[in-house]
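Q: So I've got this file, structure_5.tsv, and it contains TSV, C-alpha atoms and all ligand atoms:
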```tsv
chain	number	residue	atom	x	y	z
A	1	MET	CA	15.86	113.16	73.25
A	2	ASN	CA	14.98	110.31	70.90
A	3	ARG	CA	17.81	111.29	68.62
A	4	LEU	CA	20.15	111.32	71.59
A	5	VAL	CA	18.95	107.92	72.75
A	6	HIS	CA	19.53	106.46	69.33
A	7	CYS	CA	22.91	108.12	69.23
A	8	LEU	CA	23.85	106.71	72.60
A	9	GLY	CA	22.84	103.19	71.55
A	10	VAL	CA	24.99	103.23	68.47
A	11	LEU	CA	27.94	104.89	70.11
A	12	ALA	CA	27.84	102.73	73.21
A	13	LEU	CA	28.23	99.74	70.94
A	14	LEU	CA	30.93	101.25	68.81
A	15	ALA	CA	32.75	102.56	71.82
A	16	ARG	CA	33.48	99.06	73.07
A	17	PRO	CA	36.20	97.83	70.78
A	18	LEU	CA	36.36	94.29	69.55
A	19	ALA	CA	39.45	92.14	69.96
A	20	GLY	CA	42.49	93.50	68.20
A	21	GLN	CA	41.31	97.10	68.18
A	22	THR	CA	42.55	100.00	70.23
A	23	ALA	CA	42.43	99.76	74.01
A	24	PRO	CA	39.29	100.94	75.78
A	25	ASP	CA	39.34	104.51	76.98
A	26	THR	CA	38.38	104.16	80.64
A	27	VAL	CA	40.48	106.78	82.40
A	28	LEU	CA	40.17	110.51	82.93
A	29	HIS	CA	42.29	112.61	80.61
A	30	LYS	CA	44.13	115.41	82.35
A	31	GLU	CA	45.38	118.54	80.58
A	32	VAL	CA	47.23	121.36	82.36
A	33	LEU	CA	45.98	124.60	80.83
A	34	GLY	CA	47.80	127.18	82.94
A	35	ASP	CA	48.85	128.07	86.45
A	36	GLY	CA	46.49	126.04	88.64
A	37	ILE	CA	44.09	125.38	85.75
A	38	TYR	CA	43.27	121.83	84.71
A	39	LEU	CA	40.96	120.10	82.27
A	40	PHE	CA	39.63	116.63	83.10
A	41	ARG	CA	37.96	114.84	80.21
A	42	ALA	CA	35.63	111.98	81.07
A	43	PRO	CA	36.52	108.56	79.63
A	44	THR	CA	34.74	107.98	76.33
A	45	GLU	CA	34.46	104.23	76.89
A	46	LEU	CA	32.49	104.66	80.09
A	47	ASP	CA	30.63	107.92	79.54
A	48	VAL	CA	30.27	107.53	75.77
A	49	TRP	CA	28.51	110.51	74.14
A	50	THR	CA	28.17	112.15	77.52
A	51	SER	CA	31.92	112.25	78.19
A	52	SER	CA	31.87	115.90	79.15
A	53	ASN	CA	34.68	118.13	80.33
A	54	THR	CA	35.38	119.44	83.82
A	55	VAL	CA	37.62	122.46	84.33
A	56	VAL	CA	39.28	122.79	87.73
A	57	ILE	CA	40.73	126.18	88.73
A	58	VAL	CA	42.81	126.39	91.89
A	59	ASN	CA	42.65	129.87	93.44
A	60	ASP	CA	44.54	131.45	96.33
A	61	GLU	CA	42.29	129.92	98.96
A	62	ASP	CA	39.77	127.72	97.22
A	63	VAL	CA	38.87	125.89	94.02
A	64	THR	CA	36.35	126.71	91.29
A	65	VAL	CA	34.97	123.90	89.12
A	66	PHE	CA	33.10	124.10	85.82
A	67	ASP	CA	30.62	121.24	85.14
A	68	ALA	CA	29.99	118.00	86.96
A	69	ASN	CA	29.84	115.04	84.53
A	70	THR	CA	27.14	112.48	83.84
A	71	ARG	CA	28.04	109.53	86.05
A	72	PRO	CA	28.66	110.17	89.72
A	73	SER	CA	31.45	107.57	89.53
A	74	THR	CA	33.23	109.83	87.03
A	75	THR	CA	32.70	112.85	89.26
A	76	ARG	CA	34.27	110.96	92.15
A	77	LYS	CA	37.32	110.32	89.97
A	78	VAL	CA	37.57	114.05	89.23
A	79	ILE	CA	37.25	114.89	92.93
A	80	ALA	CA	40.00	112.38	93.73
A	81	GLU	CA	42.22	114.17	91.21
A	82	ILE	CA	41.39	117.55	92.77
A	83	ARG	CA	42.46	116.19	96.16
A	84	LYS	CA	45.78	115.10	94.64
A	85	ILE	CA	46.36	118.63	93.31
A	86	THR	CA	45.35	120.65	96.37
A	87	ASN	CA	43.85	120.48	99.84
A	88	LYS	CA	41.87	123.68	99.22
A	89	PRO	CA	38.09	123.21	99.14
A	90	VAL	CA	35.84	123.56	96.10
A	91	ARG	CA	33.72	126.59	96.96
A	92	ILE	CA	32.10	127.32	93.58
A	93	LEU	CA	30.75	124.78	91.09
A	94	ILE	CA	29.38	126.19	87.83
A	95	ASN	CA	26.83	124.20	85.78
A	96	SER	CA	27.02	125.24	82.14
A	97	HIS	CA	23.51	124.07	81.22
A	98	PHE	CA	20.79	121.60	82.13
A	99	HIS	CA	21.80	118.63	79.97
A	100	MET	CA	22.44	115.60	82.14
A	101	ASP	CA	26.12	115.32	81.33
A	102	HIS	CA	26.93	118.64	83.01
A	103	TRP	CA	25.34	118.44	86.45
A	104	SER	CA	24.57	114.87	87.49
A	105	GLY	CA	27.61	114.95	89.76
A	106	ASN	CA	26.48	118.01	91.74
A	107	ASP	CA	25.64	115.89	94.76
A	108	GLU	CA	29.15	114.43	94.81
A	109	TYR	CA	30.58	117.94	95.24
A	110	VAL	CA	28.07	118.74	97.98
A	111	LYS	CA	29.10	115.57	99.83
A	112	ALA	CA	32.82	116.15	99.33
A	113	PHE	CA	32.83	119.91	99.94
A	114	PRO	CA	30.03	120.93	102.34
A	115	GLY	CA	29.00	124.51	101.74
A	116	VAL	CA	29.91	124.52	98.05
A	117	GLN	CA	27.80	126.99	96.08
A	118	ILE	CA	26.44	125.87	92.72
A	119	VAL	CA	26.01	128.58	90.09
A	120	ALA	CA	23.92	128.57	86.90
A	121	THR	CA	21.53	130.82	85.02
A	122	THR	CA	17.91	131.05	86.15
A	123	GLU	CA	16.87	129.42	82.87
A	124	THR	CA	19.21	126.49	83.46
A	125	ARG	CA	17.92	126.04	87.00
A	126	ASP	CA	14.33	126.03	85.76
A	127	TYR	CA	15.09	123.49	83.01
A	128	MET	CA	16.83	121.29	85.58
A	129	LYS	CA	13.72	121.22	87.73
A	130	ARG	CA	11.61	120.06	84.79
A	131	SER	CA	13.89	117.53	83.11
A	132	GLN	CA	14.70	115.02	85.83
A	133	PRO	CA	12.74	112.03	84.43
A	134	LEU	CA	14.65	112.21	81.17
A	135	PHE	CA	17.80	110.91	82.76
A	136	GLU	CA	16.66	107.45	83.69
A	137	ASP	CA	14.42	107.04	80.67
A	138	ALA	CA	17.21	107.74	78.23
A	139	PHE	CA	19.60	105.18	79.60
A	140	THR	CA	16.99	102.52	80.33
A	141	SER	CA	15.80	102.69	76.73
A	142	VAL	CA	19.35	102.35	75.42
A	143	MET	CA	20.05	99.42	77.73
A	144	ARG	CA	16.92	97.61	76.47
A	145	GLY	CA	18.05	98.17	72.88
A	146	ALA	CA	21.43	96.62	73.67
A	147	GLN	CA	19.76	93.65	75.38
A	148	THR	CA	17.60	93.09	72.31
A	149	ARG	CA	20.64	93.15	70.02
A	150	LEU	CA	22.38	90.60	72.22
A	151	GLU	CA	19.33	88.33	72.40
A	152	THR	CA	18.83	88.48	68.62
A	153	ALA	CA	22.47	87.72	67.89
A	154	THR	CA	22.50	84.82	70.37
A	155	ARG	CA	19.24	83.33	69.08
A	156	THR	CA	20.06	83.61	65.37
A	157	GLY	CA	23.79	82.93	65.64
A	158	LYS	CA	24.37	85.90	63.35
A	159	GLU	CA	25.77	89.40	63.53
A	160	PRO	CA	23.67	92.30	62.18
A	161	ASP	CA	25.29	92.06	58.73
A	162	GLY	CA	24.30	88.37	58.46
A	163	SER	CA	27.77	86.95	59.04
A	164	PRO	CA	28.26	84.15	61.61
A	165	LEU	CA	28.33	85.36	65.20
A	166	ARG	CA	31.89	85.62	66.51
A	167	PRO	CA	32.51	84.91	70.22
A	168	GLU	CA	34.36	88.22	70.58
A	169	TYR	CA	31.40	90.08	69.10
A	170	GLN	CA	29.03	88.36	71.51
A	171	ARG	CA	31.34	89.18	74.44
A	172	ALA	CA	31.49	92.81	73.33
A	173	LEU	CA	27.70	92.99	73.22
A	174	GLN	CA	27.43	91.38	76.64
A	175	GLY	CA	29.99	93.84	78.02
A	176	ASN	CA	27.98	96.65	76.50
A	177	VAL	CA	24.77	95.45	78.18
A	178	ASP	CA	26.57	95.08	81.52
A	179	GLU	CA	28.04	98.56	81.34
A	180	LEU	CA	24.71	100.10	80.42
A	181	ALA	CA	23.06	98.28	83.34
A	182	ARG	CA	25.64	99.82	85.68
A	183	TRP	CA	24.99	103.17	84.08
A	184	VAL	CA	21.21	102.91	84.58
A	185	ALA	CA	21.72	101.93	88.22
A	186	GLU	CA	23.94	104.97	88.73
A	187	MET	CA	21.52	107.36	87.10
A	188	ARG	CA	18.66	105.97	89.20
A	189	SER	CA	20.61	106.66	92.36
A	190	VAL	CA	21.57	110.24	91.50
A	191	ARG	CA	20.21	112.85	93.89
A	192	ARG	CA	19.53	115.91	91.79
A	193	VAL	CA	21.01	118.99	93.43
A	194	LEU	CA	19.93	122.34	92.01
A	195	PRO	CA	22.07	125.48	91.82
A	196	THR	CA	22.13	127.70	94.90
A	197	ILE	CA	23.06	130.89	93.03
A	198	ALA	CA	21.25	131.87	89.84
A	199	PHE	CA	21.90	134.79	87.51
A	200	ARG	CA	20.16	136.17	84.45
A	201	ASP	CA	22.54	137.85	82.04
A	202	SER	CA	25.99	137.97	83.54
A	203	LEU	CA	27.82	137.56	86.82
A	204	ILE	CA	31.35	138.42	87.92
A	205	LEU	CA	32.95	136.45	90.73
A	206	TRP	CA	36.32	136.97	92.33
A	207	SER	CA	38.44	134.55	94.27
A	208	GLY	CA	41.70	136.07	95.45
A	209	ARG	CA	43.41	137.39	92.36
A	210	ARG	CA	41.21	135.58	89.88
A	211	GLU	CA	38.29	137.16	88.08
A	212	PHE	CA	35.58	134.90	86.71
A	213	ARG	CA	33.16	136.36	84.17
A	214	LEU	CA	30.02	134.28	83.63
A	215	VAL	CA	27.77	135.14	80.71
A	216	SER	CA	24.40	133.70	79.70
A	217	ALA	CA	24.65	132.43	76.14
A	218	THR	CA	22.90	130.16	73.63
A	219	GLY	CA	24.50	126.89	72.63
A	220	ASP	CA	22.82	123.51	72.47
A	221	ALA	CA	20.62	124.80	75.30
A	222	LEU	CA	19.11	128.16	76.09
A	223	GLY	CA	20.52	129.99	79.09
A	224	SER	CA	23.90	128.26	78.90
A	225	THR	CA	26.77	129.68	80.92
A	226	VAL	CA	30.07	130.54	79.29
A	227	LEU	CA	33.00	131.25	81.59
A	228	TYR	CA	35.77	133.70	80.71
A	229	LEU	CA	38.89	134.44	82.72
A	230	PRO	CA	40.26	137.67	81.22
A	231	ALA	CA	43.67	137.64	82.89
A	232	GLU	CA	44.29	134.02	81.95
A	233	ARG	CA	42.64	134.45	78.50
A	234	LEU	CA	40.72	131.25	79.15
A	235	LEU	CA	37.29	130.59	77.66
A	236	VAL	CA	35.19	127.64	78.85
A	237	THR	CA	32.20	127.17	76.58
A	238	GLY	CA	30.18	124.17	77.77
A	239	ASP	CA	28.29	122.80	74.79
A	240	VAL	CA	28.30	126.10	72.94
A	241	LEU	CA	31.24	124.39	71.26
A	242	VAL	CA	31.87	120.65	71.17
A	243	SER	CA	35.16	119.43	69.82
A	244	PRO	CA	35.33	117.41	66.61
A	245	GLU	CA	37.33	114.76	68.44
A	246	ASP	CA	34.49	113.76	70.70
A	247	GLY	CA	33.59	110.61	68.79
A	248	HIS	CA	30.33	111.95	67.40
A	249	GLY	CA	31.58	112.52	63.91
A	250	PRO	CA	32.19	115.93	62.49
A	251	PRO	CA	30.82	119.09	64.04
A	252	PRO	CA	28.58	120.79	64.73
A	253	TRP	CA	27.15	118.33	67.20
A	254	GLY	CA	23.61	119.22	68.21
A	255	ALA	CA	23.35	122.05	65.72
A	256	GLY	CA	20.34	120.51	63.98
A	257	ALA	CA	18.20	120.54	67.07
A	258	TYR	CA	18.41	124.14	68.26
A	259	GLY	CA	17.93	127.72	67.14
A	260	LEU	CA	20.82	128.69	64.93
A	261	SER	CA	20.67	132.48	64.87
A	262	ALA	CA	20.98	132.98	68.62
A	263	TRP	CA	23.73	130.36	68.69
A	264	LEU	CA	25.57	132.20	65.89
A	265	GLN	CA	25.31	135.46	67.85
A	266	THR	CA	26.92	133.71	70.80
A	267	LEU	CA	29.75	132.38	68.64
A	268	ARG	CA	30.41	135.89	67.34
A	269	ARG	CA	30.46	137.32	70.87
A	270	LEU	CA	32.99	134.67	71.89
A	271	ASP	CA	35.05	135.38	68.80
A	272	ALA	CA	35.47	138.97	69.96
A	273	LEU	CA	37.16	137.89	73.20
A	274	ASP	CA	40.90	137.81	73.64
A	275	VAL	CA	41.58	134.12	74.29
A	276	ALA	CA	44.58	131.82	74.40
A	277	VAL	CA	42.75	128.60	75.34
A	278	ILE	CA	39.20	127.46	74.59
A	279	VAL	CA	37.75	124.50	76.46
A	280	PRO	CA	34.74	123.01	74.66
A	281	GLY	CA	31.99	120.95	76.31
A	282	GLN	CA	33.71	117.77	75.21
A	283	GLY	CA	37.03	116.92	73.64
A	284	PRO	CA	40.49	118.42	74.03
A	285	ALA	CA	41.26	122.07	74.69
A	286	MET	CA	41.85	124.27	71.67
A	287	HIS	CA	44.68	126.76	71.46
A	288	ASP	CA	43.34	128.99	68.71
A	289	LYS	CA	39.99	130.12	67.29
A	290	THR	CA	40.04	127.99	64.13
A	291	TYR	CA	37.19	125.72	65.17
A	292	LEU	CA	35.15	128.60	66.61
A	293	ASP	CA	35.55	130.65	63.43
A	294	LEU	CA	34.74	127.71	61.18
A	295	THR	CA	31.60	126.89	63.10
A	296	ALA	CA	30.40	130.51	63.02
A	297	ARG	CA	31.06	130.50	59.29
A	298	LEU	CA	29.08	127.30	58.83
A	299	TYR	CA	26.08	128.57	60.77
A	300	ALA	CA	26.07	131.89	58.91
A	301	SER	CA	26.32	130.14	55.55
A	302	VAL	CA	23.45	127.72	56.27
A	303	ILE	CA	21.20	130.53	57.54
A	304	GLY	CA	22.04	132.75	54.55
A	305	GLN	CA	21.46	129.99	51.99
A	306	VAL	CA	18.17	128.92	53.55
A	307	GLN	CA	16.86	132.49	53.52
A	308	ALA	CA	17.96	132.98	49.92
A	309	ALA	CA	16.19	129.75	48.87
A	310	LEU	CA	12.99	130.86	50.58
A	311	GLU	CA	13.18	134.25	48.91
A	312	ARG	CA	13.58	132.53	45.52
A	313	GLY	CA	10.32	130.71	46.23
A	314	ALA	CA	11.39	127.34	47.60
A	315	GLY	CA	8.37	125.94	49.38
A	316	SER	CA	9.22	122.51	50.74
A	317	LEU	CA	11.72	121.56	53.38
A	318	ALA	CA	13.33	119.11	50.96
A	319	ASP	CA	13.87	121.87	48.39
A	320	VAL	CA	15.36	124.17	51.00
A	321	GLN	CA	17.67	121.45	52.33
A	322	ALA	CA	18.79	120.54	48.81
A	323	SER	CA	19.74	124.15	48.13
A	324	VAL	CA	22.22	124.34	51.01
A	325	GLN	CA	25.77	123.62	49.85
A	326	VAL	CA	28.42	123.85	52.54
A	327	ASP	CA	30.77	121.05	51.50
A	328	SER	CA	33.71	123.44	51.18
A	329	ILE	CA	33.29	124.46	54.82
A	330	GLY	CA	32.67	120.85	55.87
A	331	ALA	CA	35.94	119.82	54.24
A	332	MET	CA	37.81	122.31	56.43
A	333	TYR	CA	36.71	120.44	59.56
A	334	THR	CA	38.37	117.27	58.32
A	335	PRO	CA	41.30	118.28	56.10
A	336	GLY	CA	42.09	115.71	53.47
A	337	LYS	CA	38.71	114.02	53.79
A	338	ALA	CA	35.34	114.70	52.19
A	339	PRO	CA	32.57	115.70	54.61
A	340	SER	CA	30.96	112.56	56.02
A	341	GLU	CA	27.35	111.46	55.90
A	342	ALA	CA	27.05	112.54	59.54
A	343	PHE	CA	28.05	116.06	58.55
A	344	HIS	CA	25.41	116.12	55.81
A	345	ARG	CA	22.81	114.84	58.27
A	346	TRP	CA	23.59	117.64	60.71
A	347	VAL	CA	23.47	120.21	57.94
A	348	ARG	CA	20.02	119.00	56.87
A	349	GLY	CA	18.90	119.44	60.49
A	350	MET	CA	20.44	122.90	60.63
A	351	ALA	CA	18.67	123.86	57.39
A	352	ARG	CA	15.40	122.74	58.94
A	353	GLN	CA	16.03	124.88	62.01
A	354	ALA	CA	17.02	127.84	59.87
A	355	MET	CA	13.85	127.45	57.78
A	356	LYS	CA	11.68	127.36	60.89
A	357	GLN	CA	13.17	130.50	62.32
A	358	SER	CA	13.18	132.27	58.94
A	359	LEU	CA	9.43	131.70	58.56
A	360	ASP	CA	8.65	132.07	62.27
A	361	ALA	CA	6.86	128.78	61.75
A	362	GLN	CA	6.52	125.26	63.10
A	363	LEU	CA	7.40	122.54	60.61
A	364	ASP	CA	5.71	119.17	61.03
A	365	ASP	CA	7.99	116.41	62.21
B	1	ZN	ZN	24.44	119.93	75.95
```
Could you spell out this file's structure in structure tokens?
A:
Amino acid sequence: MNRLVHCLGVLALLARPLAGQTAPDTVLHKEVLGDGIYLFRAPTELDVWTSSNTVVIVNDEDVTVFDANTRPSTTRKVIAEIRKITNKPVRILINSHFHMDHWSGNDEYVKAFPGVQIVATTETRDYMKRSQPLFEDAFTSVMRGAQTRLETATRTGKEPDGSPLRPEYQRALQGNVDELARWVAEMRSVRRVLPTIAFRDSLILWSGRREFRLVSATGDALGSTVLYLPAERLLVTGDVLVSPEDGHGPPPWGAGAYGLSAWLQTLRRLDALDVAVIVPGQGPAMHDKTYLDLTARLYASVIGQVQAALERGAGSLADVQASVQVDSIGAMYTPGKAPSEAFHRWVRGMARQAMKQSLDAQLDD
């Protein structure tokens, strides 16, 4: 969580452009993915690193929704869009996993569509019950950090790099603090609504002609749900995949913090499916398996190199991390550009995870 808080602080600041830069991204992005199938991407300016995706599927008599945002205000925007598309009710809401940016809006669906059933794995439901305090703490801590940056800049008359404080920079910081304060207030007011239907390994639902296959998988959380519509060849992954265009730098986002082998197994299972469209947890829909394949290749390479280094006798984490060379794969994520420092940072984290699992050991932080 600390890493995420730090990440949020930096990105919240960067996400608010200074004068002369591109316009703020404050609206939902809508993509039509097929007959009655829509993707709504949360605005990155307002939801920052938690700008998660919602998939809306209009069936013969009702609507199925996948994931429910971070901010209830964003969820209300999605619900308003659903009402524009159809007057059918949302009867099933699927929560991909327990991270806050995928289920904070559950209560908005309950209020808007009484009787809606919320579906997740039993693991996800259990994690949800345990993780509620994290929500407020994360955003309050980030807001305090932004306030401190503003106070320091105002008091010293300088920007962080030592240059004189520009009015537009100060305004941007103030806007950042104000937005984070609104965010904290929203998160404090969220009523956490837990899933009403839980499954362990897999679940098949039907609505009219549509078949929904839900499978428990490992992504950036254990017990994540992946949704597959075989007739439509649609795969909705939650954070098992997060698009490179999500503003977090190059993929794989979150890969340094979780078990890699189980995640790799999931990627390979998904790769075996016949798909035309893949919707990641954040970012635009993908229309081929390039990113999925590349990510599976990266994970396999890191795991293989870490195990080889250990077998050669590498003893320290630093030695193991130094032995992992995946620049050629990293370059494929960003054609024409060398892999960034963020990519290298994630790879070091992945190497650490791979070392832990390879030794069945805890490494000191
Ligand atoms: Zn997640």
Q: Looking at only C-alpha atoms and all ligand atoms, which of A:Ile82, A:Ala172, A:Ile37, A:Leu241 is the one that sits closest to ligand ZN 1 (chain B)?
A: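 Among the listed residues, A:Leu241 lies closest to ligand ZN 1 (chain B).
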Q: If I take CA of Arg209 (chain A) and CA of Asp60 (chain A), how far is one from the other in Å, to one decimal?
A: 7.2 Å
Q: Using all atoms listed in the file, which residue out of A:Arg352, A:Arg149, A:Arg191, A:Arg268 lies closest to Val302 (chain A)?
A: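 Selected residue with least distance to Val302 (chain A): A:Arg352.
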Q: Ligand ZN 1 (chain B): which residues are within 10 Å, counting all atoms listed in the file? Reply as a list in words.
A: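 Using all atoms listed in the file, everything at most 10 Å from ligand ZN 1 (chain B) comes to Thr50, Ser52, Ser96, His97, Phe98, His99, Met100, Asp101, His102, Gly219, Asp220, Ala221, Leu222, Ser224, Gly238, Asp239, Val240, Leu241, Val242, Trp253, Gly254, Gly281 and Gln282 of chain A.
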Q: Pick from A:Met128, A:Leu28, A:Ile57, A:Leu260: nearest to Glu81 (chain A), with only C-alpha atoms counted?
A: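 Checking each of A:Met128, A:Leu28, A:Ile57, A:Leu260 against Glu81 (chain A), counting only C-alpha atoms, the winner is A:Leu28.
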Q: Taking all atoms listed in the file into account, which of A:Thr74, A:Gln170, A:Ser216, A:Gln307 comes nearest Gly105 (chain A)?
A: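 Closest residue, counting all atoms listed in the file: A:Thr74.
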Q: Mind completing region 141-157 of chain A with N, CA and C atoms? Output as a short mmCIF file (atom, residue, chain, number, x, y, z; two decimals), keeping the file's coordinate frame, please?
A:
```
data_model
loop_
_atom_site.label_atom_id
_atom_site.label_comp_id
_atom_site.auth_asym_id
_atom_site.auth_seq_id
_atom_site.Cartn_x
_atom_site.Cartn_y
_atom_site.Cartn_z
N SER A 141 16.18 103.01 78.11
CA SER A 141 15.80 102.69 76.73
C SER A 141 17.01 102.17 75.94
N VAL A 142 18.14 102.80 76.12
CA VAL A 142 19.35 102.35 75.42
C VAL A 142 19.77 100.96 75.89
N MET A 143 19.66 100.73 77.19
CA MET A 143 20.05 99.42 77.73
C MET A 143 19.15 98.33 77.14
N ARG A 144 17.85 98.61 77.03
CA ARG A 144 16.92 97.61 76.47
C ARG A 144 17.28 97.32 75.01
N GLY A 145 17.65 98.36 74.28
CA GLY A 145 18.05 98.17 72.88
C GLY A 145 19.27 97.26 72.78
N ALA A 146 20.22 97.45 73.67
CA ALA A 146 21.43 96.62 73.67
C ALA A 146 21.09 95.18 74.03
N GLN A 147 20.18 95.01 74.99
CA GLN A 147 19.76 93.65 75.38
C GLN A 147 19.11 92.95 74.20
N THR A 148 18.28 93.69 73.46
CA THR A 148 17.60 93.09 72.31
C THR A 148 18.61 92.67 71.24
N ARG A 149 19.62 93.52 71.02
CA ARG A 149 20.64 93.15 70.02
C ARG A 149 21.39 91.88 70.44
N LEU A 150 21.67 91.78 71.72
CA LEU A 150 22.38 90.60 72.22
C LEU A 150 21.51 89.36 72.08
N GLU A 151 20.24 89.48 72.47
CA GLU A 151 19.33 88.33 72.40
C GLU A 151 19.16 87.88 70.95
N THR A 152 19.02 88.83 70.04
CA THR A 152 18.83 88.48 68.62
C THR A 152 20.07 87.78 68.07
N ALA A 153 21.23 88.32 68.39
CA ALA A 153 22.47 87.72 67.89
C ALA A 153 22.64 86.31 68.45
N THR A 154 22.33 86.13 69.73
CA THR A 154 22.50 84.82 70.37
C THR A 154 21.50 83.81 69.78
N ARG A 155 20.29 84.24 69.58
CA ARG A 155 19.24 83.33 69.08
C ARG A 155 19.49 82.93 67.63
N THR A 156 19.89 83.90 66.81
CA THR A 156 20.06 83.61 65.37
C THR A 156 21.46 83.10 65.04
N GLY A 157 22.41 83.31 65.94
CA GLY A 157 23.79 82.93 65.64
C GLY A 157 24.42 83.82 64.58
#
```
